[in-house]
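Working notes, structure below.
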2 protein chains.
Amino acid sequence: MITKAAIYHRSHSSYSYAYDKETLHLRIRSAKGEVDNVTLRIGDPFDWSKGGGGGNLNAGNADGWIGAENMVMEKECETELFDYWFCEARPQFYRARYAFILESEDNELLLAGEKQIIAIDNRDNDPLLSQLSNFYGFPYINPADVFNAPSWVKDTTWYQIFPERFANGNPAISPKNALPWGSKDPTVNSFFGGDIQGVIDHLDYIQDLGITGIYFTPITEGESNHKYDTTDYLKVDPAFGDEETVKTLITEAHKRGIKVMFDAVFNHIGASSIQWQDVLKNGKNSKYVDWFYIEQFPLINESKRDSHSKEMLNYRAFAFAKNMPKLNTENPEVMEYLLEAGRYWVRNFDIDAWRLDVANEVDQRFWRRFRDELKAIKPELYILGEVWHDSMNWLGGDQFDAVMNYPLTDAILGFFATDTLNAEQFKSAVNEINVSYPINVSEASFLLLDSHDTSRILDQCGANKDKAKLAYLFQFTQTGSPCIYYGGEIGLEGGEDPLNRKCMIWDESKHDLNMKQHIKKIITLRKTYSALRAHKIEWLVTDNTQKSVIYQKQNNADNIFIAINNNDKPSIMKLPVALSGRTVIDIYNEKTCQLAETLTLPAFGFALYNLP
Amino acid sequence: MITKAAIYHRSHSSYSYAYDKETLHLRIRSAKGEVDNVTLRIGDPFDWSKGGGGGNLNAGNADGWIGAENMVMEKECETELFDYWFCEARPQFYRARYAFILESEDNELLLAGEKQIIAIDNRDNDPLLSQLSNFYGFPYINPADVFNAPSWVKDTTWYQIFPERFANGNPAISPKNALPWGSKDPTVNSFFGGDIQGVIDHLDYIQDLGITGIYFTPITEGESNHKYDTTDYLKVDPAFGDEETVKTLITEAHKRGIKVMFDAVFNHIGASSIQWQDVLKNGKNSKYVDWFYIEQFPLINESKRDSHSKEMLNYRAFAFAKNMPKLNTENPEVMEYLLEAGRYWVRNFDIDAWRLDVANEVDQRFWRRFRDELKAIKPELYILGEVWHDSMNWLGGDQFDAVMNYPLTDAILGFFATDTLNAEQFKSAVNEINVSYPINVSEASFLLLDSHDTSRILDQCGANKDKAKLAYLFQFTQTGSPCIYYGGEIGLEGGEDPLNRKCMIWDESKHDLNMKQHIKKIITLRKTYSALRAHKIEWLVTDNTQKSVIYQKQNNADNIFIAINNNDKPSIMKLPVALSGRTVIDIYNEKTCQLAETLTLPAFGFALYNLP
C-alpha cells in the first residue's frame, strides 16, 4: 500500500523549477520504502493526445501531435521518512503539463496530480492519464525567472575575515584604546587595531591556503568593533583605513585570483548615524523621522535587553538593540540611500559580492530592487543573504543567489561535534536540506562550520582537532561554496561571542601546522576533483554503532568515495560492492591502494578514494 | 500513532503568511483523524526563555523575558486525506519562531519543527520545546510584503462581457461582414456587430441585476472577433467604438457603482500589428526583431496546428497560433511599451482592474514591475491573472491580487454538473482549494462557473437549469468575487467555443425569468449577508447517496445554513443539532420557518436558513 498522505509535490517550489533556460527539474516525495517506480508523465499543454490546459482545455485531438511522454524518475535520495524521486525534462516549447505515476511492489498504481491522487488501472491507456485539469502546470520557462547565480561561486573557497581581529597593518590608525595584539581575550567592547592594511599584508598567506574569495564583515564606519552599527555606508571606518586602502586591497586580491565580498547592514543603522542623531535631537520634526519605525515620542532609548524592565523600546530595532534602530526600507529615500550604498562599492571599488546582514528581516520588495540594480552594474555579482532557517522564500531567482547554509552547519555539528545525530540521522538531515532547495540553488550555497556569530568549530568539537578536521572534510566534499572562518586553519579556538573573535595568531610557531596542512589539502582536492563539488551525494554506508559513513561523489570526470570514522575507536567497515577488492587512488595521500573486503579506519580516520 | 510523513508545514507559503501588517496565519496538516489537539508554540526569536535564532542563537537566558506562548489551534477543515489546523497570532515585535505540538488520543506527543518531527515527553518542560534552531521562522512582517488586494473586490459581483456579442449600439461601425444579431450560431470567424455603445445602452439592465463590476474581454484593436490578437494596445477597436465611447462607458458605469475591468493581452501580440508586420517584411533587420523569440529566418509562418505537418513554427507563439507571436517581455522596449499600455487605460480612462490574459506564460519579473507601476497610479486597482492551475507562485503579494479560480470551477462542475464528484469528494476538493491559499488570497479570488474559454454552465449541466441554479447558489455563497458570464442570467446556452459566444438575447420574452430572478436573489443575499462572503465554510452534512449537502457560513453578523439537494429525487436529511427543531429565517423566501428533526428538499431543491 502506498501512503497517499505522504506523497508531496507542488509546482514552482523545490519540487518543480527551471534549472536553466531549457531544463525543468521535477521531484516527488513518497513514504520511505513504499514505492518501487515513479514515472513522470509530461507533455505540452497545447499539444496533448487528448485534453489540454491553460485556457485551452480541449486542444489537441488530432493526429501528428507529440502527445505525452513517460519518463522514468530516479530515486534521488532517502531520508528518515521519505524517498525522493527526481527527473530532468527539456520541454520542446518551454512549457509543460505533468503528473506522476507511482507503482508499488503489489502493483498498486497511482496517478498523482494537482487536484487528486487517484488509482489507475493501467499505465498505458487509462483515460485519467490525459485529464490535464488534474495535472500540474509549469506554464513557461521564461529566462528572466530562472534562478541564475554567478557560475564562479560554486568553484570558490571563501575565507571570512573580521577585520578588527585579523591583522594590524597600520598602527597609526588604530583606536586609541586598542589593546596590544592578542594580549588578552576580547570582550564585547575591546579593540585590537586590526585593519585593511593588515589584510593586504597577508594576502599571500591567504592565497597560499588556496582561498579564492574573502568575505569581510563590515568595513564601513561604525562605533563598535564589529561595525554592524553602521554610521556611514559610504565611508571606510577610519580605524580600518580609507578608500585608497580598500582600492589597494581589492586590486591586490583580484591580482591573486581572490574575489571580495563586503557586508551590507541594511536592516538597521547605527545609533550614531546622522540620521538617528537627528531624530534624537528633533523628534517628530526630524527630516529622518520616516526613515524609522517610531511608535511614539519621546523615544524610550533604553533596551529591555539591558534593563530587564517591562518597558520596551518604542521604536523598532534589530533584536532589542537600542543602538541598532530598524530602517524603513519602504521609504523611497531610505531605499535610494541604501541602493546607492550597494551600487557605490560595486561601481567604484569593483567588489564581487554582497553579504546581506539580517537579510530575512528586510522587506523582499527592497531586495528585488537591490538585485535588479546591482546585477545591472555587475551581472556576475554574488548576493548572499544571512538567513538561518529554510530560505526558499528568498531563493526563487528574484532576490538572493544564496543564503548562509546554517541548516547544513547544524547537521554537520550534530554528527561531528555534538554527537546529537547518529550516522543515519546525519544522512537524513543532509538529504532533507539538499532536496529542500533546487539543485542550482544548492550549487551556489554558502557552506560554513562557524562564523563571527557562532562558537568556532574547534570549540564546538570540544577542542578535538581530529573531529574538526572531519567536519571540514565533509564541508569541502559538498556542493556549494565553502568558507573557513579566519584562524580555523591554524587551530584558533574560541567559544561564543566575544571569544569567537580572538586576534589572529601570526607567530607561526603557534600555528597548528597539521590542521593547516589538512585545510590546504582539502582545498586543493576540491579544486582538482570537480566531483567533490557536484550536487549528488550517494550514501553507501551509515553505521550508527561505529559512527562511520561512506559516501560517493561522482560525475563524468571522477568517482570518489569518502570514508569517515567519527569515532574515538577504530572502525571496521564492510566495503560496498563498488569498492570491495578494487584498486583505487587514495587522493588525500596521493598513492594507489588495493582495497580488501573491509576497510579499517583508525579513530577519527578518513580516506578519499578515486575509482576513475 | 501519528503518521509523521503526513505532517506538513512550510514557512512563507499557504501554511504560513502575513494576513495583514500585524497578523500571522499558521496552518499545519496531519493525516485525517489521527490528531486530537495541535498547539502552536510561538515566541520572539530574540526573546525566548532559552535559546534564540536569527543570528543570535543564544539570546535570552534572562529573567523577565516574554518567552514562548502556547496557542490552541483550531481544526480548520478536513479533506479526503488530511486534517488542517489553523491559528492566528499577532507577534508583538512582528517576528516569530514557532513549532507545533501534536497530540493523539493515545497520548503520543510530537514537536514538528523545520528540521525534525520529534517525540517529546511533556508539553510543558521538555528541553526540545526551546530548541529554536529546529523551529520554523517568520523573521519579520514587513508591510511591503503583505498580500494586499483591494478591499472592494470581495464585495463585488462581476459580469463578464464579450463585447462583440453583447449588444450592437452603433450599427454604423459594425464590421461590414456582420451578420444580423443572433441570426445564427457563431462560428470561429463570424461577426455580429456588438460594441461599447451596446453595453452603455444596457448598463441599467446590468445594474438592475445587482452587478457591481464588469469584466470586458479585450476592447482594443484586433483582427478577430475576440480581439486576443491585439494590433494596437492604445486604440479602441473601431468596430467597438472610440476613446469617447469608452470614456462614456466608464463614467456611466461608475455612476451606477459599477467597476470596470479590461483585459491585457501581454503574452503575445496580433500578427497584424505593425511590429510583427515589420518583422515579416524586414526579417532580421527589423527594429522589432528582439521583440519576439525567433529561432531562425525565414519564418515558417504556418502553424502545425493548421497543417498537422511535422514542420513547427520557428518562432514562439501562444499555443501553436501563428497569428499570436509571443512577446519578449524581458526586452526593455517591450516592457515599456506594455507598461505604458497598462498605465494608459488606468491613467486616462480610470479603469478599476486589469485581467491579465495567459498571465502564467509571461515572466514574473515583468508582472512585479507591472504591479509596482500600476499600483503607484491607482493603489486600489485589482490585478487578476489568468492562471488555470495552482497559482501560489503568483499570489505572494508581489504580482497579482487574484487568479481566475478554475480549480474551484472544476470542483463545482464535478459535483453539480458532471456528477464526477460525490458530496464527500466535493467537500474535500473545495477544502483543499481553500487551504492551498492564504485566506486573504481566497477573499479576493475570482470565482466563475464559465467564461468565453469554456462551455456555458447550462451546457455543462446538460441543459438542466435546476442544476445550474444550484451551481450559482454555491458560487455565491463562497468567499471571493463571483462572476456571471453574460447571458447566464437569462438561460443563454452554448457549448464549447465558438458556441459559448452567442449573441445576447434582448427579447425579454425569450429570457428565462425564473433564472433571472434566482440570479438577482442570490446577488442580493450575498450583499445583505456578509457571512456568505466570509472565508470559513463548515460542512455539516455531505450525503453521497442522496447527493445533498448542508454547510454553514457564519460570522459576527449572521449564521447561515445552506442546504442543497443535487438530486433528481427528493432528499430527506437529518438536520444537525444546531438546526434541529429550531426556528429560523428562510432568507431566500423571506419567511420564518419552524424546522423539524429532518429536512426534506425536493429534487434539486435548496434552502438558506439564518439562525441569528
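Convention: chains lettered A, B, ... in C-alpha cells order; per-chain residue numbering from 1; ligands numbered from 1 as shown.
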
Non-local contacts of range 397-411 of chain B (7 Å; only C-alpha atoms; under 3 positions in same chain excluded) as an mmCIF file with N, CA and C atoms, in the first residue's frame:
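Dumped to part-v6.cif:
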data_model
loop_
_atom_site.group_PDB
_atom_site.id
_atom_site.type_symbol
_atom_site.label_atom_id
_atom_site.label_comp_id
_atom_site.auth_asym_id
_atom_site.auth_seq_id
_atom_site.Cartn_x
_atom_site.Cartn_y
_atom_site.Cartn_z
ATOM 1 N N ASP B 145 5.578 43.522 2.024
ATOM 2 C CA ASP B 145 5.465 42.153 1.537
ATOM 3 C C ASP B 145 4.111 41.511 1.829
ATOM 4 N N VAL B 146 3.246 42.240 2.502
ATOM 5 C CA VAL B 146 1.959 41.645 2.867
ATOM 6 C C VAL B 146 1.021 41.677 1.657
ATOM 7 N N PHE B 147 0.461 40.529 1.334
ATOM 8 C CA PHE B 147 -0.536 40.446 0.260
ATOM 9 C C PHE B 147 -1.658 41.420 0.569
ATOM 10 N N ASN B 148 -2.049 42.207 -0.400
ATOM 11 C CA ASN B 148 -2.924 43.324 -0.097
ATOM 12 C C ASN B 148 -3.820 43.641 -1.302
ATOM 13 N N ALA B 149 -4.811 42.795 -1.524
ATOM 14 C CA ALA B 149 -5.751 43.037 -2.630
ATOM 15 C C ALA B 149 -6.693 44.176 -2.229
ATOM 16 N N TRP B 367 5.695 41.043 -14.379
ATOM 17 C CA TRP B 367 4.474 41.282 -13.588
ATOM 18 C C TRP B 367 4.753 42.050 -12.310
ATOM 19 N N ARG B 368 5.915 41.812 -11.694
ATOM 20 C CA ARG B 368 6.243 42.584 -10.480
ATOM 21 C C ARG B 368 6.364 44.057 -10.813
ATOM 22 N N ARG B 371 2.904 45.480 -11.491
ATOM 23 C CA ARG B 371 2.188 45.779 -10.249
ATOM 24 C C ARG B 371 2.673 47.086 -9.630
ATOM 25 N N TYR B 382 -7.378 46.416 -9.132
ATOM 26 C CA TYR B 382 -7.423 44.949 -8.950
ATOM 27 C C TYR B 382 -6.673 44.307 -10.114
ATOM 28 N N ILE B 383 -5.724 43.443 -9.797
ATOM 29 C CA ILE B 383 -4.933 42.774 -10.833
ATOM 30 C C ILE B 383 -5.245 41.279 -10.792
ATOM 31 N N LEU B 384 -5.874 40.829 -11.855
ATOM 32 C CA LEU B 384 -6.403 39.464 -11.914
ATOM 33 C C LEU B 384 -5.704 38.690 -13.023
ATOM 34 N N GLY B 385 -4.989 37.644 -12.650
ATOM 35 C CA GLY B 385 -4.265 36.865 -13.647
ATOM 36 C C GLY B 385 -5.056 35.676 -14.146
ATOM 37 N N GLU B 386 -4.901 35.393 -15.422
ATOM 38 C CA GLU B 386 -5.480 34.146 -15.941
ATOM 39 C C GLU B 386 -4.507 33.008 -15.685
ATOM 40 N N VAL B 387 -4.781 32.221 -14.680
ATOM 41 C CA VAL B 387 -3.997 31.015 -14.405
ATOM 42 C C VAL B 387 -5.006 29.940 -14.049
ATOM 43 N N TRP B 388 -4.908 28.799 -14.680
ATOM 44 C CA TRP B 388 -5.923 27.746 -14.504
ATOM 45 C C TRP B 388 -5.565 26.740 -13.424
ATOM 46 N N HIS B 389 -4.280 26.721 -13.051
ATOM 47 C CA HIS B 389 -3.819 25.697 -12.119
ATOM 48 C C HIS B 389 -3.414 26.352 -10.793
ATOM 49 N N TRP B 394 2.126 33.119 -8.012
ATOM 50 C CA TRP B 394 1.819 34.474 -8.491
ATOM 51 C C TRP B 394 1.096 35.294 -7.418
ATOM 52 N N GLY B 414 -17.800 19.383 -11.056
ATOM 53 C CA GLY B 414 -17.708 17.948 -10.760
ATOM 54 C C GLY B 414 -18.879 17.459 -9.930
ATOM 55 N N PHE B 415 -19.344 18.293 -9.005
ATOM 56 C CA PHE B 415 -20.466 17.874 -8.165
ATOM 57 C C PHE B 415 -21.795 18.196 -8.838
ATOM 58 N N PHE B 426 -16.576 16.340 -3.169
ATOM 59 C CA PHE B 426 -16.800 17.763 -3.439
ATOM 60 C C PHE B 426 -16.298 18.602 -2.264
ATOM 61 N N ALA B 429 -12.550 18.539 -2.196
ATOM 62 C CA ALA B 429 -11.941 19.374 -3.245
ATOM 63 C C ALA B 429 -12.033 20.849 -2.884
ATOM 64 N N VAL B 430 -13.196 21.282 -2.415
ATOM 65 C CA VAL B 430 -13.371 22.690 -2.038
ATOM 66 C C VAL B 430 -12.431 23.040 -0.882
ATOM 67 N N ILE B 433 -8.770 23.328 -1.993
ATOM 68 C CA ILE B 433 -8.515 24.599 -2.684
ATOM 69 C C ILE B 433 -8.414 25.722 -1.660
ATOM 70 N N VAL B 441 -5.858 35.765 0.211
ATOM 71 C CA VAL B 441 -5.874 35.480 -1.232
ATOM 72 C C VAL B 441 -7.244 34.947 -1.644
ATOM 73 N N ALA B 444 -10.041 37.458 -2.196
ATOM 74 C CA ALA B 444 -10.045 38.297 -3.406
ATOM 75 C C ALA B 444 -10.125 37.465 -4.683
ATOM 76 N N SER B 445 -10.323 36.179 -4.518
ATOM 77 C CA SER B 445 -10.307 35.245 -5.645
ATOM 78 C C SER B 445 -11.466 35.489 -6.611
ATOM 79 N N PHE B 446 -11.203 35.263 -7.874
ATOM 80 C CA PHE B 446 -12.226 35.480 -8.901
ATOM 81 C C PHE B 446 -12.938 34.152 -9.167
ATOM 82 N N LEU B 447 -14.224 34.106 -8.829
ATOM 83 C CA LEU B 447 -14.987 32.852 -8.874
ATOM 84 C C LEU B 447 -15.865 32.809 -10.105
ATOM 85 N N LEU B 448 -15.710 31.767 -10.878
ATOM 86 C CA LEU B 448 -16.517 31.698 -12.091
ATOM 87 C C LEU B 448 -16.980 30.277 -12.364
ATOM 88 N N LEU B 449 -18.128 30.176 -12.998
ATOM 89 C CA LEU B 449 -18.627 28.868 -13.411
ATOM 90 C C LEU B 449 -18.314 28.607 -14.872
#

For range 295-299 of chain B, work out the shell of residues within 9 Å, counting only C-alpha atoms and skipping chain neighbours fewer than 3 positions away, then give it as a PyMOL selection string. chain B and resi 280+283-284+302+313-316

With a distance cut-off of 9 Å and only C-alpha atoms, select the neighbouring residues of Thr230 in chain B, excluding the residue or stretch itself and same-chain residues fewer than 3 positions from it, and output the selection as a ChimeraX atom specification. /B:218,220-224,227,233,265-266,268-273,324

From a DSSP calculation on the backbone, collect every residue of range 4-246 of chain B in strand (DSSP E) and output the set as a PyMOL selection string. chain B and resi 16-20+23-31+37-43+69-72+74-78+82-89+96-103+109-112+117-119+136-138+158-161+213-216+220-222+230-236

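Taking only C-alpha atoms into account, chain A lies nearest to B:Tyr293 out of the set B:Tyr344, B:Phe262, B:Tyr293, B:Tyr551.
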
Can you pull out every residue within 7 Å of range 172-182 of chain B, counting only C-alpha atoms, but drop anything in the same chain fewer than 5 positions away, and send it as a PDB file with C-alpha atoms, in the first residue's frame?
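Result written to selection14.pdb:
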ATOM      1  CA  PHE B 191     -19.083  38.964 -36.553  1.00  0.00           C
ATOM      2  CA  PHE B 192     -22.372  40.309 -35.252  1.00  0.00           C
ATOM      3  CA  GLY B 193     -21.569  43.943 -34.533  1.00  0.00           C
ATOM      4  CA  PRO B 238     -13.023  50.743 -34.432  1.00  0.00           C
ATOM      5  CA  ALA B 239     -15.855  48.226 -34.608  1.00  0.00           C
ATOM      6  CA  CYS B 503     -25.322  36.873 -29.186  1.00  0.00           C
TER       7      CYS B 503
END

Pro498 in chain A environment, 10 Å, only C-alpha atoms, sequence neighbours closer than 4 positions dropped, as a CSV table (one decimal) with all heavy atoms, in the first residue's frame:
chain,number,residue,atom,x,y,z
A,185,ASP,N,42.0,37.9,25.9
A,185,ASP,CA,40.8,37.5,25.2
A,185,ASP,C,39.9,38.8,25.0
A,185,ASP,O,39.8,39.6,25.9
A,185,ASP,CB,40.0,36.5,26.1
A,185,ASP,CG,40.6,35.1,25.9
A,185,ASP,OD1,41.4,34.9,25.0
A,185,ASP,OD2,40.2,34.2,26.7
A,186,PRO,N,39.2,38.8,23.9
A,186,PRO,CA,38.4,40.0,23.6
A,186,PRO,C,37.2,40.0,24.5
A,186,PRO,O,36.6,39.0,24.9
A,186,PRO,CB,38.0,39.9,22.2
A,186,PRO,CG,38.2,38.4,21.8
A,186,PRO,CD,39.3,37.9,22.7
A,187,THR,N,36.7,41.2,24.8
A,187,THR,CA,35.4,41.4,25.5
A,187,THR,C,34.5,42.0,24.4
A,187,THR,O,34.9,42.2,23.3
A,187,THR,CB,35.5,42.3,26.7
A,187,THR,OG1,35.8,43.6,26.2
A,187,THR,CG2,36.5,41.9,27.7
A,188,VAL,N,33.2,42.2,24.8
A,188,VAL,CA,32.3,42.8,23.8
A,188,VAL,C,32.8,44.1,23.2
A,188,VAL,O,32.6,44.4,22.1
A,188,VAL,CB,30.9,42.9,24.4
A,188,VAL,CG1,30.0,43.7,23.5
A,188,VAL,CG2,30.3,41.5,24.7
A,189,ASN,N,33.5,44.9,24.0
A,189,ASN,CA,33.9,46.2,23.6
A,189,ASN,C,35.3,46.4,23.3
A,189,ASN,O,35.7,47.6,23.1
A,189,ASN,CB,33.4,47.2,24.7
A,189,ASN,CG,31.9,47.2,24.9
A,189,ASN,OD1,31.2,47.3,23.9
A,189,ASN,ND2,31.5,47.1,26.1
A,190,SER,N,36.1,45.4,23.3
A,190,SER,CA,37.6,45.6,23.2
A,190,SER,C,38.0,45.9,21.7
A,190,SER,O,37.3,45.4,20.8
A,190,SER,CB,38.4,44.5,23.8
A,190,SER,OG,37.9,43.3,23.4
A,452,HIS,N,31.5,34.6,12.8
A,452,HIS,CA,31.6,35.6,13.9
A,452,HIS,C,30.3,35.5,14.8
A,452,HIS,O,30.3,36.1,15.9
A,452,HIS,CB,31.7,37.0,13.4
A,452,HIS,CG,30.5,37.4,12.6
A,452,HIS,ND1,30.2,36.9,11.4
A,452,HIS,CD2,29.6,38.4,12.9
A,452,HIS,CE1,29.1,37.5,11.0
A,452,HIS,NE2,28.7,38.4,11.8
A,453,ASP,N,29.3,34.8,14.4
A,453,ASP,CA,28.0,34.7,15.1
A,453,ASP,C,27.9,33.4,15.9
A,453,ASP,O,26.9,33.1,16.6
A,453,ASP,CB,26.8,34.7,14.2
A,453,ASP,CG,26.5,36.2,13.8
A,453,ASP,OD1,26.7,37.1,14.6
A,453,ASP,OD2,26.0,36.4,12.7
A,454,THR,N,28.9,32.5,15.8
A,454,THR,CA,28.8,31.2,16.5
A,454,THR,C,30.1,30.9,17.2
A,454,THR,O,31.1,31.5,16.9
A,454,THR,CB,28.6,30.0,15.5
A,454,THR,OG1,29.8,29.8,14.7
A,454,THR,CG2,27.5,30.3,14.5
A,455,SER,N,30.1,29.9,18.0
A,455,SER,CA,31.4,29.4,18.6
A,455,SER,C,32.2,28.8,17.4
A,455,SER,O,31.6,28.4,16.4
A,455,SER,CB,31.1,28.2,19.5
A,455,SER,OG,30.4,28.6,20.7
A,494,GLY,N,37.9,29.4,20.3
A,494,GLY,CA,37.1,30.5,20.8
A,494,GLY,C,35.7,30.0,20.9
A,494,GLY,O,35.1,29.5,19.9
A,502,LYS,N,38.7,36.2,18.5
A,502,LYS,CA,40.1,36.5,19.0
A,502,LYS,C,41.0,37.0,17.9
A,502,LYS,O,40.7,36.8,16.7
A,502,LYS,CB,40.7,35.2,19.6
A,502,LYS,CG,40.1,34.8,20.9
A,502,LYS,CD,40.7,33.5,21.4
A,502,LYS,CE,40.0,33.0,22.7
A,502,LYS,NZ,40.5,31.7,23.1
